[in-house]
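Colleague: This is protein_23.cif, which holds mmCIF, C-alpha atoms and all ligand atoms:
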```cif
data_my_file
#
loop_
_atom_site.label_atom_id
_atom_site.label_comp_id
_atom_site.auth_asym_id
_atom_site.auth_seq_id
_atom_site.Cartn_x
_atom_site.Cartn_y
_atom_site.Cartn_z
CA MET A 1 -0.66 46.29 82.85
CA ALA A 2 0.33 49.95 82.51
CA HIS A 3 -0.16 51.48 79.06
CA HIS A 4 1.44 54.77 78.04
CA LEU A 5 0.53 56.25 74.67
CA SER A 6 2.93 58.39 72.65
CA GLY A 7 2.71 62.17 72.67
CA PRO A 8 4.78 65.35 72.30
CA ALA A 9 8.35 65.47 73.63
CA THR A 10 7.71 67.43 76.82
CA LEU A 11 8.97 66.44 80.27
CA LYS A 12 6.70 68.80 82.21
CA GLY A 13 6.18 67.61 85.78
CA GLN A 14 8.76 64.83 85.54
CA VAL A 15 11.81 64.30 87.73
CA ALA A 16 15.04 63.22 86.01
CA LEU A 17 18.16 61.87 87.70
CA ILE A 18 21.32 62.01 85.58
CA THR A 19 24.68 60.34 86.35
CA GLY A 20 27.88 61.74 84.88
CA GLY A 21 26.09 65.09 84.88
CA ALA A 22 29.31 67.13 85.01
CA GLY A 23 30.54 65.53 81.77
CA GLY A 24 29.95 66.62 78.20
CA MET A 25 26.87 64.56 77.43
CA GLY A 26 25.43 64.48 80.94
CA MET A 27 25.54 68.25 81.25
CA SER A 28 23.95 68.83 77.87
CA ILE A 29 21.22 66.27 78.61
CA SER A 30 20.56 67.91 82.00
CA LYS A 31 20.08 71.30 80.35
CA ALA A 32 17.89 69.95 77.52
CA PHE A 33 15.67 68.08 79.99
CA GLN A 34 15.31 71.20 82.12
CA GLU A 35 14.31 73.18 79.02
CA ALA A 36 11.74 70.48 78.25
CA GLY A 37 10.14 71.07 81.66
CA ALA A 38 11.75 68.45 83.92
CA LYS A 39 13.09 68.93 87.41
CA VAL A 40 16.69 67.77 86.95
CA ILE A 41 19.07 66.34 89.51
CA ALA A 42 22.53 66.04 87.94
CA THR A 43 25.14 63.94 89.72
CA ASP A 44 28.84 63.23 89.27
CA ILE A 45 32.10 62.67 91.18
CA ALA A 46 33.23 66.18 90.17
CA GLU A 47 33.14 68.65 93.04
CA SER A 48 30.87 70.99 91.09
CA ALA A 49 29.40 71.49 87.62
CA ASP A 50 28.49 74.61 85.69
CA LEU A 51 24.91 73.61 85.02
CA GLY A 52 23.22 76.98 85.34
CA PRO A 53 20.33 77.91 87.59
CA GLY A 54 17.57 75.50 88.54
CA ILE A 55 19.47 72.23 88.15
CA ASP A 56 20.11 70.44 91.45
CA TYR A 57 23.70 69.14 91.51
CA ARG A 58 24.68 66.32 93.89
CA HIS A 59 27.91 64.40 94.44
CA TYR A 60 27.48 60.72 93.52
CA ASP A 61 30.06 58.00 92.88
CA VAL A 62 28.14 55.40 90.86
CA THR A 63 30.56 52.62 91.85
CA SER A 64 29.37 52.82 95.46
CA LYS A 65 26.25 51.01 96.68
CA GLU A 66 26.16 53.17 99.83
CA ASP A 67 26.32 56.34 97.72
CA THR A 68 23.56 54.94 95.49
CA ASP A 69 21.26 54.45 98.49
CA ARG A 70 22.11 57.90 99.88
CA VAL A 71 21.52 59.76 96.60
CA ILE A 72 18.40 57.94 95.42
CA ASP A 73 16.77 57.92 98.86
CA GLY A 74 17.59 61.63 99.17
CA VAL A 75 16.10 62.52 95.78
CA LEU A 76 12.97 60.45 96.45
CA SER A 77 12.49 62.15 99.78
CA ASP A 78 13.04 65.64 98.30
CA TYR A 79 11.08 65.22 95.05
CA GLY A 80 8.67 62.37 95.81
CA GLN A 81 9.42 60.44 92.60
CA ILE A 82 12.02 59.70 89.93
CA ASP A 83 10.50 59.31 86.46
CA ILE A 84 13.69 59.27 84.39
CA LEU A 85 17.17 57.85 84.98
CA VAL A 86 19.92 58.71 82.50
CA LEU A 87 23.23 56.89 82.92
CA CYS A 88 26.14 58.90 81.52
CA ALA A 89 28.94 58.27 84.03
CA GLY A 90 31.76 56.53 82.22
CA THR A 91 35.49 56.17 81.75
CA ILE A 92 37.48 54.90 78.81
CA ALA A 93 40.73 53.06 78.10
CA ARG A 94 42.33 52.07 74.82
CA THR A 95 45.02 49.59 75.88
CA PRO A 96 45.16 46.64 73.43
CA LEU A 97 44.17 43.23 74.84
CA ALA A 98 47.65 41.73 75.32
CA GLU A 99 48.89 44.72 77.31
CA SER A 100 45.70 45.32 79.32
CA THR A 101 45.89 44.75 83.07
CA ASP A 102 43.47 43.36 85.64
CA GLU A 103 43.41 46.81 87.24
CA GLU A 104 42.26 48.43 83.99
CA TRP A 105 39.54 45.83 83.40
CA ASP A 106 38.32 46.18 86.99
CA SER A 107 38.33 49.96 86.83
CA ILE A 108 36.48 50.16 83.48
CA PHE A 109 33.91 47.56 84.57
CA SER A 110 33.48 49.17 87.97
CA VAL A 111 32.39 52.55 86.51
CA ASN A 112 30.83 51.53 83.19
CA VAL A 113 28.99 48.37 84.29
CA ARG A 114 28.62 48.40 88.09
CA GLY A 115 27.98 52.13 87.83
CA VAL A 116 24.94 51.31 85.67
CA VAL A 117 23.90 48.29 87.78
CA ASN A 118 23.90 50.23 91.07
CA PRO A 119 21.34 52.93 90.25
CA THR A 120 19.16 50.72 88.03
CA ARG A 121 19.06 47.89 90.62
CA LYS A 122 17.83 50.37 93.18
CA LEU A 123 15.35 52.30 91.01
CA PHE A 124 13.94 49.55 88.78
CA PRO A 125 11.67 47.96 91.42
CA ILE A 126 10.53 51.39 92.60
CA MET A 127 9.62 52.36 89.03
CA CYS A 128 7.83 49.02 88.52
CA ASP A 129 5.74 49.60 91.65
CA ARG A 130 4.76 53.06 90.34
CA GLY A 131 3.91 51.68 86.89
CA PHE A 132 6.19 54.09 85.05
CA GLY A 133 9.85 54.92 84.48
CA LYS A 134 12.27 55.64 81.65
CA ILE A 135 15.85 54.42 81.89
CA LEU A 136 18.40 55.45 79.28
CA ALA A 137 22.02 54.33 79.29
CA ALA A 138 24.97 55.68 77.35
CA GLY A 139 26.10 52.65 75.39
CA SER A 140 28.37 53.10 72.40
CA ILE A 141 28.93 52.38 68.75
CA ALA A 142 31.91 50.49 70.22
CA ALA A 143 29.55 47.72 71.33
CA LYS A 144 28.55 47.23 67.67
CA ASN A 145 31.69 47.85 65.63
CA GLY A 146 34.40 46.67 68.02
CA GLY A 147 35.54 50.16 68.96
CA VAL A 148 36.47 53.41 67.22
CA ALA A 149 39.36 54.49 69.44
CA SER A 150 38.67 52.34 72.48
CA GLY A 151 40.21 49.19 73.88
CA PRO A 152 38.66 45.77 74.61
CA ALA A 153 37.73 46.53 78.23
CA TYR A 154 35.62 49.51 77.16
CA VAL A 155 34.06 47.61 74.23
CA SER A 156 33.18 44.69 76.53
CA ALA A 157 31.78 46.95 79.25
CA LYS A 158 29.56 48.84 76.81
CA SER A 159 28.32 45.53 75.36
CA ALA A 160 27.30 44.53 78.89
CA VAL A 161 25.37 47.79 79.24
CA HIS A 162 23.50 47.11 75.98
CA GLY A 163 22.58 43.64 77.29
CA LEU A 164 21.47 44.85 80.71
CA MET A 165 19.19 47.49 79.19
CA ARG A 166 17.53 44.83 77.03
CA TRP A 167 16.92 42.69 80.12
CA ILE A 168 15.37 45.66 81.90
CA ALA A 169 13.23 46.47 78.85
CA LYS A 170 11.79 42.94 78.83
CA ALA A 171 11.25 42.70 82.57
CA GLY A 172 10.00 46.28 82.88
CA GLY A 173 7.69 46.41 79.85
CA PRO A 174 4.65 44.91 81.60
CA HIS A 175 5.13 47.44 84.43
CA GLY A 176 5.43 50.54 82.23
CA VAL A 177 9.18 50.77 82.74
CA TYR A 178 11.25 51.49 79.64
CA ALA A 179 14.95 50.92 79.03
CA ASN A 180 16.84 52.11 75.97
CA ILE A 181 20.40 52.71 74.89
CA LEU A 182 22.12 55.57 73.13
CA ALA A 183 24.87 54.29 70.84
CA PRO A 184 26.89 57.42 70.03
CA GLY A 185 29.75 57.57 67.60
CA PRO A 186 32.60 59.97 68.47
CA VAL A 187 31.24 62.99 70.34
CA GLU A 188 33.40 66.01 71.08
CA THR A 189 33.62 65.86 74.87
CA ALA A 190 36.53 65.60 77.31
CA MET A 191 36.51 61.82 76.84
CA TRP A 192 37.00 62.00 73.08
CA ALA A 193 39.60 64.78 73.35
CA LYS A 194 41.61 62.64 75.77
CA LEU A 195 41.72 59.79 73.27
CA THR A 196 42.35 61.60 70.03
CA ASP A 197 43.45 65.21 70.58
CA ASN A 198 40.17 66.03 68.79
CA LYS A 199 41.43 65.23 65.30
CA GLY A 200 38.47 65.49 62.93
CA PRO A 201 37.27 62.79 60.57
CA SER A 202 39.97 61.90 58.04
CA ALA A 203 39.85 62.74 54.32
CA ASN A 204 38.42 59.32 53.52
CA SER A 205 35.94 59.97 56.28
CA THR A 206 34.03 57.20 57.95
CA VAL A 207 31.36 59.67 59.08
CA PRO A 208 28.87 60.12 56.24
CA LEU A 209 27.55 63.34 57.79
CA GLY A 210 31.13 64.68 57.79
CA ARG A 211 31.57 65.81 61.38
CA TYR A 212 31.84 64.34 64.84
CA GLY A 213 28.92 64.65 67.23
CA THR A 214 28.26 67.38 69.75
CA PRO A 215 26.76 66.93 73.22
CA GLU A 216 23.64 68.70 71.90
CA ASP A 217 23.21 66.00 69.22
CA ILE A 218 23.15 63.46 72.03
CA ALA A 219 20.89 65.53 74.29
CA GLN A 220 18.13 65.80 71.69
CA ALA A 221 18.22 62.05 71.03
CA ALA A 222 18.09 61.46 74.80
CA LEU A 223 15.09 63.76 75.07
CA PHE A 224 13.28 61.72 72.43
CA LEU A 225 13.97 58.44 74.23
CA CYS A 226 13.00 59.78 77.67
CA SER A 227 9.88 61.67 76.60
CA PRO A 228 6.38 60.48 75.66
CA ALA A 229 7.46 60.85 71.99
CA SER A 230 8.93 57.34 72.25
CA ASN A 231 6.24 55.56 74.26
CA TRP A 232 6.19 52.53 71.98
CA ILE A 233 9.97 52.12 71.96
CA THR A 234 11.84 50.04 74.49
CA GLY A 235 14.91 47.81 74.40
CA THR A 236 16.31 49.64 71.42
CA SER A 237 19.73 51.13 70.86
CA LEU A 238 19.59 54.37 68.95
CA ASP A 239 22.60 55.04 66.73
CA VAL A 240 23.58 58.69 67.01
CA SER A 241 26.71 58.57 64.93
CA GLY A 242 26.43 60.74 61.83
CA GLY A 243 25.79 57.55 59.88
CA MET A 244 28.96 55.76 61.06
CA TRP A 245 26.77 52.84 62.03
CA MET A 246 23.66 51.94 60.05
CA ASP A 247 21.31 49.33 61.40
N1 LIG B 1 32.43 61.01 73.86
C1 LIG B 1 32.24 59.97 73.07
O1 LIG B 1 32.73 59.94 71.95
C2 LIG B 1 31.37 58.81 73.52
C3 LIG B 1 30.92 57.92 72.55
C4 LIG B 1 30.10 56.85 72.92
C5 LIG B 1 29.73 56.70 74.24
N2 LIG B 1 30.18 57.59 75.19
C6 LIG B 1 29.73 57.38 76.57
O2 LIG B 1 28.89 58.46 76.96
C7 LIG B 1 29.00 58.69 78.36
C8 LIG B 1 29.33 60.15 78.61
O3 LIG B 1 30.61 60.42 78.04
P1 LIG B 1 31.18 61.89 77.76
O4 LIG B 1 31.71 61.87 76.40
O5 LIG B 1 30.19 62.91 78.18
O6 LIG B 1 32.44 61.85 78.73
P2 LIG B 1 32.93 62.85 79.86
O7 LIG B 1 34.28 62.34 80.26
O8 LIG B 1 32.78 64.28 79.45
O9 LIG B 1 31.87 62.57 81.04
C9 LIG B 1 31.89 61.41 81.82
C10 LIG B 1 31.56 61.82 83.24
O10 LIG B 1 31.52 60.63 84.08
C11 LIG B 1 31.99 61.02 85.33
N3 LIG B 1 32.42 59.86 86.12
C12 LIG B 1 33.54 59.11 85.97
N4 LIG B 1 33.59 58.18 86.95
C13 LIG B 1 32.49 58.36 87.73
C14 LIG B 1 31.98 57.72 88.89
N5 LIG B 1 32.65 56.72 89.49
N6 LIG B 1 30.80 58.16 89.42
C15 LIG B 1 30.13 59.19 88.84
N7 LIG B 1 30.57 59.85 87.75
C16 LIG B 1 31.73 59.42 87.20
C17 LIG B 1 33.16 61.96 85.02
O11 LIG B 1 33.49 62.75 86.17
C18 LIG B 1 32.62 62.76 83.86
O12 LIG B 1 32.01 63.97 84.29
C19 LIG B 1 30.06 57.71 78.85
O13 LIG B 1 29.43 56.57 79.38
C20 LIG B 1 30.82 57.35 77.59
O14 LIG B 1 31.43 56.08 77.71
C21 LIG B 1 30.99 58.64 74.85
#
```
Would it be possible to restate this file's structure as structure tokens?
Ligand SMILES: NC(=O)c1ccc[n+]([C@@H]2O[C@H](COP(=O)([O-])OP(=O)(O)OC[C@H]3O[C@@H](n4cnc5c(N)ncnc54)[C@H](O)[C@@H]3O)[C@@H](O)[C@H]2O)c1

Modeller:
Amino acid sequence: MAHHLSGPATLKGQVALITGGAGGMGMSISKAFQEAGAKVIATDIAESADLGPGIDYRHYDVTSKEDTDRVIDGVLSDYGQIDILVLCAGTIARTPLAESTDEEWDSIFSVNVRGVVNPTRKLFPIMCDRGFGKILAAGSIAAKNGGVASGPAYVSAKSAVHGLMRWIAKAGGPHGVYANILAPGPVETAMWAKLTDNKGPSANSTVPLGRYGTPEDIAQAALFLCSPASNWITGTSLDVSGGMWMD
């Protein structure tokens, strides 16, 4: 059984693959991981992303199994290994249950659930064979509190992601493969702006720390969960929500 002891939060020598890397959180995580010493491959369906020098950007639609094989096989052949997988690709909808359509449910589940299943299904056995890997998925406070500004399809999809990561944590533990979840509250990215026009917390604020999150808040939490600093933590969901959710 592989044992990994905890140590400082450096990613020197590690290779990190990020999905949704052109988005608010994915981009910030990519940059933070690069600063911590990792070789970073950021992926997204966007044509390009302003990630700065040194980060390898590749087009990847997480809903496609063929694309998953192409991207992961390509990264393995170019870099020799993938130590870290961060799953940030996501879409949101806020339609209430009675008005929600099959198309919306299929679309939200396709990106937010199948888009997590595809890369983890491919990489998990490879990481197990190597005896090491860290998988981190963007879950949500929505999976715990029923949604801040999101609809039932999104809440259900994020709950599925929380469950899948726990399964991976149990199955992967004996092989040195970790799986954890970030459970952010509202973070000021394109996704949140689309939902709310970026209105801040109200006067009777539900955010004890008094502000919404920034992508950098998320990136530093992601660094903790993907680095040796958290080598005795797996299967957890870390609330990064300014105190909106206390567990
Ligand atoms: N912003 C928030 O308040 C918040 C809170 C909790 C959880 N989250 C989750 O965090 C993750 C990142 O969100 P964000 O706020 O950075 O949003 P964002 O919209 O800035 O980024 C999401 C990215 O996913 C990409 N994407 C969409 N469909 C894709 C596909 N099929 N294949 C590959 N990439 C695809 C988009 O192009 C975009 O770049 C999402 O999973 C989101 O659900 C966000």

Colleague: Taking only C-alpha atoms and all ligand atoms into account, list the residues no farther than 8 Å from ligand LIG 1 (chain B), as a PyMOL selection string.

Modeller: chain A and resi 19-27+43-46+59-64+87-92+110-112+115+137-142+154+158+182-192+213+215

Colleague: For Val113 of chain A, which of A:Arg94, A:Ser159, A:Gln81, A:Thr101 is the closest residue, counting all atoms listed in the file?

Modeller: A:Ser159

Colleague: How many Å lie between atom CA of Cys226 of chain A and atom CA of Lys65 of chain A, rounded to one decimal?

Modeller: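 A separation of 24.8 Å between them.
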
Colleague: Atom CA of Gly80 of chain A and atom CA of Ile126 of chain A are how many Å apart?

Modeller: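 A separation of 11.6 Å between them.
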
Colleague: Just how far from atom CA of Val117 of chain A is atom CA of Met1 of chain A, in Å to one decimal?

Modeller: 25.1 Å

Colleague: Excluding Ile55 of chain A and any residue of its chain fewer than 4 positions from it, enumerate the residues within 12 Å of it, using only C-alpha atoms, and give them as a list in words.

Modeller: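 Counting only the stated atoms, we get Val15, Ala16, Leu17, Ile18, Gly21, Ala22, Met27, Ser28, Ile29, Ser30, Lys31, Ala32, Phe33, Gln34, Glu35, Gly37, Ala38, Lys39, Val40, Ile41, Ala42, Thr43, Ser48, Ala49, Asp50 and Leu51 of chain A.
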
Colleague: Please identify every residue of segment 51-169 of chain A that has at least one atom no farther than 10 Å from an atom of segment 229-243 of chain A, counting all atoms listed in the file, and for each give the shortest atom pair and the distance in Å to one decimal, arranged by chain then increasing number, as a tab-separated table.

Modeller:
```
residue	atom	partner	partner_atom	distance
A:Lys134	CA	A:Thr234	CA	9.1
A:Ile135	CA	A:Thr234	CA	9.5
A:Leu136	CA	A:Ser237	CA	9.6
A:Ala137	CA	A:Ser237	CA	9.3
A:Ala138	CA	A:Ser237	CA	9.5
A:Gly139	CA	A:Ser237	CA	8.0
A:Ser140	CA	A:Asp239	CA	8.3
A:Ile141	CA	A:Asp239	CA	7.2
A:Lys144	CA	A:Asp239	CA	9.9
A:His162	CA	A:Ser237	CA	7.5
A:Gly163	CA	A:Gly235	CA	9.2
A:Leu164	CA	A:Gly235	CA	9.6
A:Met165	CA	A:Gly235	CA	6.4
A:Arg166	CA	A:Gly235	CA	4.8
A:Trp167	CA	A:Gly235	CA	7.9
A:Ile168	CA	A:Gly235	CA	7.8
A:Ala169	CA	A:Gly235	CA	4.9
```

Colleague: Of the candidates A:Ile108, A:Met127, A:Ala219, A:Leu209, which shows the shortest atom-to-atom distance to Leu76 of chain A, using only C-alpha atoms?

Modeller: A:Met127

Colleague: Could you check the closest approach to Lys122 of chain A for each of A:Leu85, A:Arg58, A:Pro53, A:Ile218 and tell me which residue wins, using all atoms listed in the file?

Modeller: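 Of all the options, A:Leu85 lies closest to Lys122 of chain A.
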